[in-house]
>>> print(open('target24.pdb').read())   # PDB, C-alpha atoms
ATOM      1  CA  MET A1484      -8.997  31.592  17.892
ATOM      2  CA  ASN A1485     -10.591  29.876  20.875
ATOM      3  CA  ASP A1486     -10.667  26.157  21.713
ATOM      4  CA  THR A1487     -14.166  25.563  20.350
ATOM      5  CA  GLU A1488     -13.377  27.188  17.008
ATOM      6  CA  LEU A1489     -10.133  25.227  16.741
ATOM      7  CA  ASP A1490     -11.879  21.944  17.573
ATOM      8  CA  ALA A1491     -14.537  22.634  14.945
ATOM      9  CA  LEU A1492     -11.885  23.426  12.354
ATOM     10  CA  LEU A1493      -9.839  20.352  13.206
ATOM     11  CA  ALA A1494     -12.928  18.154  13.045
ATOM     12  CA  THR A1495     -13.641  19.196   9.454
ATOM     13  CA  PRO A1496     -13.553  15.963   7.436
ATOM     14  CA  LEU A1497     -10.630  15.524   5.064
ATOM     15  CA  PRO A1498     -11.456  16.371   1.435
ATOM     16  CA  GLU A1499     -12.966  13.495  -0.522
ATOM     17  CA  ARG A1500     -10.581  12.071  -3.104
ATOM     18  CA  ASP A1501     -11.671  10.376  -6.303
ATOM     19  CA  ALA A1502     -10.977   6.651  -6.189
ATOM     20  CA  GLY A1503     -10.873   6.108  -9.977
ATOM     21  CA  GLU A1504      -7.246   6.254 -11.056
ATOM     22  CA  PHE A1505      -5.946   5.291  -7.625
ATOM     23  CA  SER A1506      -8.062   2.152  -7.597
ATOM     24  CA  VAL A1507      -7.000   1.146 -11.116
ATOM     25  CA  LEU A1508      -3.328   1.537 -10.216
ATOM     26  CA  LEU A1509      -3.808  -0.447  -7.035
ATOM     27  CA  MET A1510      -5.490  -3.322  -8.878
ATOM     28  CA  GLU A1511      -2.599  -3.388 -11.361
ATOM     29  CA  ARG A1512      -0.102  -3.608  -8.512
ATOM     30  CA  ILE A1513      -2.081  -6.369  -6.827
ATOM     31  CA  ALA A1514      -2.278  -8.289 -10.117
ATOM     32  CA  GLN A1515       1.504  -7.969 -10.521
ATOM     33  CA  HIS A1516       1.989  -9.144  -6.955
ATOM     34  CA  GLU A1517      -0.312 -12.127  -7.470
ATOM     35  CA  ALA A1518       1.465 -13.080 -10.719
ATOM     36  CA  ARG A1519       4.859 -13.219  -9.026
ATOM     37  CA  PRO A1520       4.838 -16.922  -8.030
ATOM     38  CA  ALA A1521       3.762 -17.852 -11.574
ATOM     39  CA  ARG A1522       6.590 -15.759 -13.032
ATOM     40  CA  ILE A1523       9.117 -17.370 -10.695
ATOM     41  CA  LEU A1524       7.818 -20.825 -11.672
ATOM     42  CA  ALA A1525       8.124 -19.856 -15.341
ATOM     43  CA  TRP A1526      11.780 -18.895 -14.882
ATOM     44  CA  ILE A1527      12.592 -22.081 -12.954
ATOM     45  CA  THR A1528      10.849 -24.207 -15.585
ATOM     46  CA  SER A1529      12.716 -22.405 -18.356
ATOM     47  CA  GLY A1530      15.985 -23.200 -16.594
ATOM     48  CA  VAL A1531      15.084 -26.878 -16.271
ATOM     49  CA  MET A1532      14.036 -26.905 -19.929
ATOM     50  CA  LEU A1533      17.388 -25.545 -21.016
ATOM     51  CA  VAL A1534      19.152 -28.291 -19.050
ATOM     52  CA  VAL A1535      16.928 -30.944 -20.634
ATOM     53  CA  ILE A1536      17.541 -29.587 -24.145
ATOM     54  CA  ALA A1537      21.282 -29.446 -23.489
ATOM     55  CA  ALA A1538      21.200 -33.046 -22.226
ATOM     56  CA  ALA A1539      19.267 -34.102 -25.341
ATOM     57  CA  CYS A1540      21.838 -32.433 -27.579
ATOM     58  CA  VAL A1541      24.728 -34.101 -25.770
ATOM     59  CA  PHE A1542      22.994 -37.476 -25.885
ATOM     60  CA  GLY A1543      22.136 -37.048 -29.552
ATOM     61  CA  ALA A1544      25.698 -36.089 -30.436
ATOM     62  CA  SER A1545      27.136 -39.008 -28.534
ATOM     63  CA  ALA A1546      24.613 -41.431 -30.071
ATOM     64  CA  ILE A1547      25.409 -40.287 -33.610
ATOM     65  CA  GLY A1548      29.119 -40.570 -32.912
ATOM     66  CA  HIS A1549      29.028 -44.060 -31.497
ATOM     67  CA  VAL A1550      26.058 -46.010 -32.846
ATOM     68  CA  GLU A1551      24.140 -46.033 -36.065
ATOM     69  CA  LEU A1552      20.540 -44.972 -35.668
ATOM     70  CA  GLY A1553      18.190 -47.844 -36.290
ATOM     71  CA  ASP A1554      20.623 -50.475 -35.009
ATOM     72  CA  ASP A1555      19.008 -50.620 -31.635
ATOM     73  CA  SER A1556      15.588 -49.083 -31.009
ATOM     74  CA  THR A1557      16.335 -48.634 -27.281
ATOM     75  CA  HIS A1558      18.751 -45.831 -28.188
ATOM     76  CA  LEU A1559      15.778 -43.811 -29.386
ATOM     77  CA  LEU A1560      13.914 -44.142 -26.121
ATOM     78  CA  VAL A1561      16.067 -41.620 -24.243
ATOM     79  CA  PRO A1562      15.848 -38.800 -26.853
ATOM     80  CA  ALA A1563      12.125 -39.482 -27.226
ATOM     81  CA  ALA A1564      11.648 -39.230 -23.464
ATOM     82  CA  LEU A1565      13.686 -35.997 -23.342
ATOM     83  CA  LEU A1566      11.642 -34.562 -26.199
ATOM     84  CA  GLY A1567       8.416 -35.465 -24.403
ATOM     85  CA  LEU A1568       9.657 -33.875 -21.198
ATOM     86  CA  THR A1569      10.617 -30.721 -23.095
ATOM     87  CA  LEU A1570       7.144 -30.506 -24.590
ATOM     88  CA  ILE A1571       5.509 -30.918 -21.170
ATOM     89  CA  LEU A1572       7.760 -28.239 -19.685
ATOM     90  CA  SER A1573       7.033 -25.891 -22.600
ATOM     91  CA  TYR A1574       3.335 -26.336 -21.941
ATOM     92  CA  THR A1575       3.857 -25.580 -18.216
ATOM     93  CA  VAL A1576       5.803 -22.413 -19.054
ATOM     94  CA  LEU A1577       3.071 -21.262 -21.409
ATOM     95  CA  GLN A1578       0.403 -21.866 -18.790
ATOM     96  CA  SER A1579       2.405 -19.977 -16.129
ATOM     97  CA  VAL A1580       2.980 -17.003 -18.410
ATOM     98  CA  ARG A1581      -0.743 -16.903 -19.280
ATOM     99  CA  GLU A1582      -1.654 -16.752 -15.570
TER     100      GLU A1582
ATOM    101  CA  MET B 586     -21.771  -3.929   2.001
ATOM    102  CA  ASP B 587     -19.793  -2.952   5.109
ATOM    103  CA  ASP B 588     -16.067  -3.348   5.731
ATOM    104  CA  ARG B 589     -16.453  -6.430   7.937
ATOM    105  CA  GLU B 590     -18.273  -8.467   5.269
ATOM    106  CA  LEU B 591     -15.843  -7.369   2.580
ATOM    107  CA  VAL B 592     -12.852  -8.281   4.763
ATOM    108  CA  GLU B 593     -14.378 -11.724   5.353
ATOM    109  CA  ARG B 594     -14.775 -12.249   1.611
ATOM    110  CA  ALA B 595     -11.262 -10.996   0.905
ATOM    111  CA  VAL B 596      -9.750 -13.267   3.563
ATOM    112  CA  LYS B 597     -11.732 -16.430   2.877
ATOM    113  CA  SER B 598     -11.512 -16.543  -0.892
ATOM    114  CA  ARG B 599      -8.740 -14.030  -1.649
ATOM    115  CA  ASP B 600     -11.430 -12.042  -3.424
ATOM    116  CA  VAL B 601      -9.707  -9.154  -5.205
ATOM    117  CA  ALA B 602     -13.039  -7.545  -6.104
ATOM    118  CA  ALA B 603     -14.027  -7.404  -2.423
ATOM    119  CA  PHE B 604     -10.660  -5.880  -1.560
ATOM    120  CA  ASN B 605     -11.080  -3.373  -4.373
ATOM    121  CA  LEU B 606     -14.359  -2.252  -2.797
ATOM    122  CA  LEU B 607     -12.654  -1.988   0.582
ATOM    123  CA  ALA B 608      -9.908   0.111  -0.976
ATOM    124  CA  ARG B 609     -12.413   2.381  -2.698
ATOM    125  CA  GLN B 610     -14.304   2.914   0.554
ATOM    126  CA  ASN B 611     -11.182   3.746   2.553
ATOM    127  CA  GLN B 612      -8.766   5.312   0.070
ATOM    128  CA  SER B 613      -9.895   8.888   0.580
ATOM    129  CA  LYS B 614      -9.210   8.933   4.326
ATOM    130  CA  VAL B 615      -5.912   7.063   4.031
ATOM    131  CA  ARG B 616      -4.722   9.408   1.286
ATOM    132  CA  GLY B 617      -5.931  12.411   3.296
ATOM    133  CA  LEU B 618      -3.988  11.279   6.349
ATOM    134  CA  LEU B 619      -0.840  10.687   4.313
ATOM    135  CA  LEU B 620      -1.239  14.000   2.535
ATOM    136  CA  ARG B 621      -1.213  15.744   5.913
ATOM    137  CA  LEU B 622       1.797  13.718   7.061
ATOM    138  CA  THR B 623       3.760  14.403   3.886
ATOM    139  CA  ARG B 624       2.868  18.093   4.149
ATOM    140  CA  GLY B 625       0.909  18.186   0.943
ATOM    141  CA  ASN B 626       3.174  16.108  -1.268
ATOM    142  CA  HIS B 627       0.468  14.491  -3.404
ATOM    143  CA  ALA B 628       2.759  12.139  -5.326
ATOM    144  CA  LEU B 629       4.478  10.836  -2.209
ATOM    145  CA  ALA B 630       1.196  10.549  -0.295
ATOM    146  CA  ASP B 631      -0.424   8.536  -3.087
ATOM    147  CA  ASP B 632       2.635   6.339  -3.457
ATOM    148  CA  LEU B 633       2.578   5.585   0.267
ATOM    149  CA  ALA B 634      -1.161   4.970   0.080
ATOM    150  CA  GLN B 635      -0.610   2.435  -2.719
ATOM    151  CA  GLU B 636       2.011   0.677  -0.604
ATOM    152  CA  THR B 637      -0.352   0.757   2.361
ATOM    153  CA  PHE B 638      -3.125  -0.999   0.467
ATOM    154  CA  LEU B 639      -0.722  -3.479  -1.123
ATOM    155  CA  GLU B 640       0.630  -4.362   2.314
ATOM    156  CA  ALA B 641      -2.940  -4.651   3.576
ATOM    157  CA  TRP B 642      -3.740  -7.073   0.748
ATOM    158  CA  ARG B 643      -0.644  -9.164   1.497
ATOM    159  CA  GLY B 644      -1.379  -9.289   5.201
ATOM    160  CA  ILE B 645      -5.161  -9.275   5.272
ATOM    161  CA  THR B 646      -5.182 -12.728   6.884
ATOM    162  CA  ASN B 647      -3.402 -11.142   9.872
ATOM    163  CA  PHE B 648      -6.281  -8.718  10.395
ATOM    164  CA  ARG B 649      -8.031 -10.041  13.491
ATOM    165  CA  GLY B 650     -10.894  -7.584  13.582
ATOM    166  CA  GLU B 651      -9.910  -6.247  17.019
ATOM    167  CA  SER B 652     -10.062  -2.744  15.577
ATOM    168  CA  SER B 653     -11.964  -1.438  12.582
ATOM    169  CA  PHE B 654     -10.469  -2.101   9.170
ATOM    170  CA  SER B 655      -9.876   1.607   8.620
ATOM    171  CA  THR B 656      -7.941   1.914  11.901
ATOM    172  CA  TRP B 657      -5.804  -1.037  10.824
ATOM    173  CA  LEU B 658      -5.149   0.740   7.516
ATOM    174  CA  TYR B 659      -4.179   3.968   9.300
ATOM    175  CA  ARG B 660      -1.665   2.001  11.357
ATOM    176  CA  ILE B 661      -0.068   0.554   8.224
ATOM    177  CA  ALA B 662      -0.112   3.989   6.567
ATOM    178  CA  TYR B 663       1.538   5.646   9.548
ATOM    179  CA  SER B 664       4.257   3.002   9.804
ATOM    180  CA  ARG B 665       4.855   3.285   6.036
ATOM    181  CA  PHE B 666       5.220   7.025   6.436
ATOM    182  CA  LEU B 667       7.702   6.589   9.302
ATOM    183  CA  MET B 668       9.746   4.079   7.279
ATOM    184  CA  GLN B 669       9.849   6.461   4.340
ATOM    185  CA  ALA B 670      10.786   9.385   6.609
ATOM    186  CA  ARG B 671      13.681   7.395   8.077
ATOM    187  CA  LYS B 672      14.954   6.503   4.609
ATOM    188  CA  ARG B 673      14.828  10.098   3.414
ATOM    189  CA  LYS B 674      18.152  11.904   3.588
ATOM    190  CA  PRO B 675      18.296  14.811   6.047
ATOM    191  CA  ASP B 676      19.087  17.263   3.228
ATOM    192  CA  GLU B 677      16.075  16.060   1.244
ATOM    193  CA  PRO B 678      13.143  18.015   2.663
ATOM    194  CA  LEU B 679       9.529  17.273   1.899
ATOM    195  CA  ASP B 680       8.027  19.347  -0.865
ATOM    196  CA  ASP B 681       6.897  22.736   0.187
ATOM    197  CA  TRP B 682       3.152  22.927   0.329
ATOM    198  CA  ASP B 683       1.256  25.976  -0.781
ATOM    199  CA  GLY B 684      -1.639  24.874   1.406
ATOM    200  CA  THR B 685      -4.013  24.120  -1.410
ATOM    201  CA  THR B 686      -5.229  20.746  -2.549
ATOM    202  CA  PRO B 687      -6.981  19.961  -5.833
ATOM    203  CA  SER B 688     -10.261  19.564  -3.978
ATOM    204  CA  SER B 689      -9.880  22.663  -1.835
ATOM    205  CA  GLU B 690     -10.863  25.194  -4.472
ATOM    206  CA  GLY B 691     -13.805  27.140  -3.273
ATOM    207  CA  GLN B 692     -13.574  25.757   0.234
ATOM    208  CA  ALA B 693     -13.338  27.953   3.274
ATOM    209  CA  GLN B 694     -10.217  30.022   3.818
ATOM    210  CA  ALA B 695     -10.073  28.581   7.317
ATOM    211  CA  ARG B 696      -9.387  25.159   5.922
ATOM    212  CA  ILE B 697      -6.525  26.457   3.776
ATOM    213  CA  ASP B 698      -5.121  28.229   6.815
ATOM    214  CA  LEU B 699      -5.369  25.008   8.802
ATOM    215  CA  ASP B 700      -3.550  23.057   6.094
ATOM    216  CA  ARG B 701      -0.815  25.686   6.056
ATOM    217  CA  ALA B 702      -0.533  25.630   9.821
ATOM    218  CA  MET B 703      -0.481  21.830   9.940
ATOM    219  CA  LYS B 704       2.719  21.677   7.929
ATOM    220  CA  LYS B 705       4.493  23.584  10.677
ATOM    221  CA  LEU B 706       3.750  20.826  13.186
ATOM    222  CA  ALA B 707       5.886  17.772  13.843
ATOM    223  CA  PRO B 708       4.626  14.712  11.917
ATOM    224  CA  ALA B 709       3.560  12.985  15.151
ATOM    225  CA  GLU B 710       1.538  16.025  16.220
ATOM    226  CA  SER B 711      -0.056  16.347  12.817
ATOM    227  CA  ALA B 712      -0.873  12.617  12.776
ATOM    228  CA  ALA B 713      -2.329  12.713  16.300
ATOM    229  CA  LEU B 714      -4.570  15.673  15.505
ATOM    230  CA  THR B 715      -5.700  14.262  12.159
ATOM    231  CA  LEU B 716      -6.491  10.845  13.620
ATOM    232  CA  CYS B 717      -8.329  12.217  16.649
ATOM    233  CA  PHE B 718     -10.234  15.040  14.981
ATOM    234  CA  ALA B 719     -10.557  14.716  11.200
ATOM    235  CA  LEU B 720     -10.790  10.912  11.227
ATOM    236  CA  GLY B 721     -12.733  10.701  14.471
ATOM    237  CA  LEU B 722     -10.653   8.069  16.258
ATOM    238  CA  SER B 723     -10.714   7.829  20.038
ATOM    239  CA  ASN B 724      -7.500   8.629  21.895
ATOM    240  CA  THR B 725      -6.943   4.932  22.545
ATOM    241  CA  GLU B 726      -7.449   4.025  18.881
ATOM    242  CA  ALA B 727      -5.150   6.830  17.758
ATOM    243  CA  ALA B 728      -2.457   5.757  20.243
ATOM    244  CA  ASP B 729      -2.817   2.187  19.016
ATOM    245  CA  THR B 730      -2.580   3.338  15.401
ATOM    246  CA  MET B 731       0.593   5.305  16.077
ATOM    247  CA  GLN B 732       1.856   2.579  18.410
ATOM    248  CA  ILE B 733       2.650   5.022  21.172
ATOM    249  CA  PRO B 734       1.466   5.167  24.795
ATOM    250  CA  LEU B 735      -1.803   6.973  25.458
ATOM    251  CA  GLY B 736      -0.020   9.646  27.491
ATOM    252  CA  THR B 737       2.351  10.408  24.622
ATOM    253  CA  LEU B 738      -0.564  10.741  22.235
ATOM    254  CA  LYS B 739      -2.310  13.166  24.558
ATOM    255  CA  SER B 740       0.899  15.232  24.747
ATOM    256  CA  HIS B 741       1.124  15.318  20.958
ATOM    257  CA  VAL B 742      -2.505  16.455  20.742
ATOM    258  CA  LEU B 743      -2.044  19.127  23.397
ATOM    259  CA  ARG B 744       1.226  20.416  21.949
ATOM    260  CA  GLY B 745      -0.200  20.377  18.422
ATOM    261  CA  ARG B 746      -3.291  22.294  19.475
ATOM    262  CA  GLU B 747      -1.231  24.915  21.301
ATOM    263  CA  LYS B 748       1.030  25.383  18.280
ATOM    264  CA  LEU B 749      -1.958  25.647  15.943
ATOM    265  CA  LYS B 750      -3.610  28.249  18.133
ATOM    266  CA  VAL B 751      -0.463  30.368  18.018
ATOM    267  CA  ILE B 752       0.048  29.921  14.253
ATOM    268  CA  LEU B 753      -3.600  30.515  13.367
ATOM    269  CA  GLY B 754      -3.750  33.419  15.810
ATOM    270  CA  ASP B 755      -0.759  35.035  14.071
ATOM    271  CA  GLN B 756      -2.344  34.523  10.663
ATOM    272  CA  SER B 757      -5.656  36.165  11.559
TER     273      SER B 757
END
>>> encode(input="target24.pdb", output="structure tokens")
Amino acid sequence: MNDTELDALLATPLPERDAGEFSVLLMERIAQHEARPARILAWITSGVMLVVIAAACVFGASAIGHVELGDDSTHLLVPAALLGLTLILSYTVLQSVRE
Amino acid sequence: MDDRELVERAVKSRDVAAFNLLARQNQSKVRGLLLRLTRGNHALADDLAQETFLEAWRGITNFRGESSFSTWLYRIAYSRFLMQARKRKPDEPLDDWDGTTPSSEGQAQARIDLDRAMKKLAPAESAALTLCFALGLSNTEAADTMQIPLGTLKSHVLRGREKLKVILGDQS
């Protein structure tokens, strides 16, 4: 084989490959990559939620043990605030998971 | 729409659809290059190609347009291949290649012979020849893609060509 023949052979374009399945897989991987921050946020929010729920339980238990409900309406403010916060966090988690 | 416009759209608005078009336009050559480098291991070549495009998506804002988008992709693909080759254990050889590819049926015997011969070359020689001839890069672009000096690239091309002539000469 001479130089010209070899050059011509080497210059043959690479075979065309179908983009279909490759492209679909790539888009899936990109979507997973893009969803990563949202997933991380979801996990962090879940952790904070657990802490809030635990705090609400502890507060509730201590309130029942020491004061009668209805005696002082201010005692209900803290559990109500914790409940509200939990609901907001739940909503955030749901939104993050949806993304 | 050409690569430059699509890159602009992908960079400015993180447009996945624009990047998808870019990937579709360039996937065949990137996969072809990696298939040569992995000596015909389709699964490994496609896996590396996926990683190449994912890395390109992550770092598309770093693309300055000094070279063409495809050359930038080849550089990522080649460095991915080198990373994978370093990780591979010495007793874990690349799959043996029978020289045929799914798309090569009915194509000239010469091409099959070339594919067979290519697997006997060192990866750097195979990459240099593929970049310079099959993908049509200039020597400077190919050297830049492989991140080696121009002189080293020319040596790889020369050595690769000499080896191919011997191998193909023996086969005929």
>>> interface_residues(input="target24.pdb", of="chain A", to="chain B", cutoff="6 Å", atoms="all atoms listed in the file", output="list in words")
Met1484, Leu1493, Ala1494, Thr1495, Pro1496, Leu1497, Glu1499, Arg1500 and Ala1502 of chain A
>>> atom_distance(input="target24.pdb", atom1="CA of Ile733 (chain B)", atom2="CA of Leu658 (chain B)")
16.3 Å
>>> axis_aligned_box(input="target24.pdb", around="region 595-614 of chain B", padding_each_side="8 Å", output="lines of an AutoDock Vina configuration file")
center_x = -11.5
center_y = -3.8
center_z = -0.9
size_x = 21.6
size_y = 41.5
size_z = 26.4
>>> resolve_selection(input="target24.pdb", expression="the PyMOL selection byres ((chain A and resi 1568) around 12)", output="count of residues only")
23
>>> atom_distance(input="target24.pdb", atom1="CA of Leu743 (chain B)", atom2="CA of Glu710 (chain B)")
8.6 Å
>>> atom_distance(input="target24.pdb", atom1="CA of Ala595 (chain B)", atom2="CA of Ser664 (chain B)")
22.7 Å
>>> resolve_selection(input="target24.pdb", expression="the PyMOL selection byres ((chain B and resi 648) around 12)", output="PyMOL selection string")
chain B and resi 589+592-593+595-596+640-647+649-658+660-661
>>> closest_residue(input="target24.pdb", among="B:Ala670, B:Met586, B:Ala713, B:Leu591", to="Leu629 (chain B)", atoms="all atoms listed in the file")
B:Ala670
>>> residues_around(input="target24.pdb", residues="Thr725 (chain B)", least_positions_apart="2", cutoff="9 Å", atoms="all atoms listed in the file", output="PyMOL selection string")
chain B and resi 722-723+727-730+734-735+738
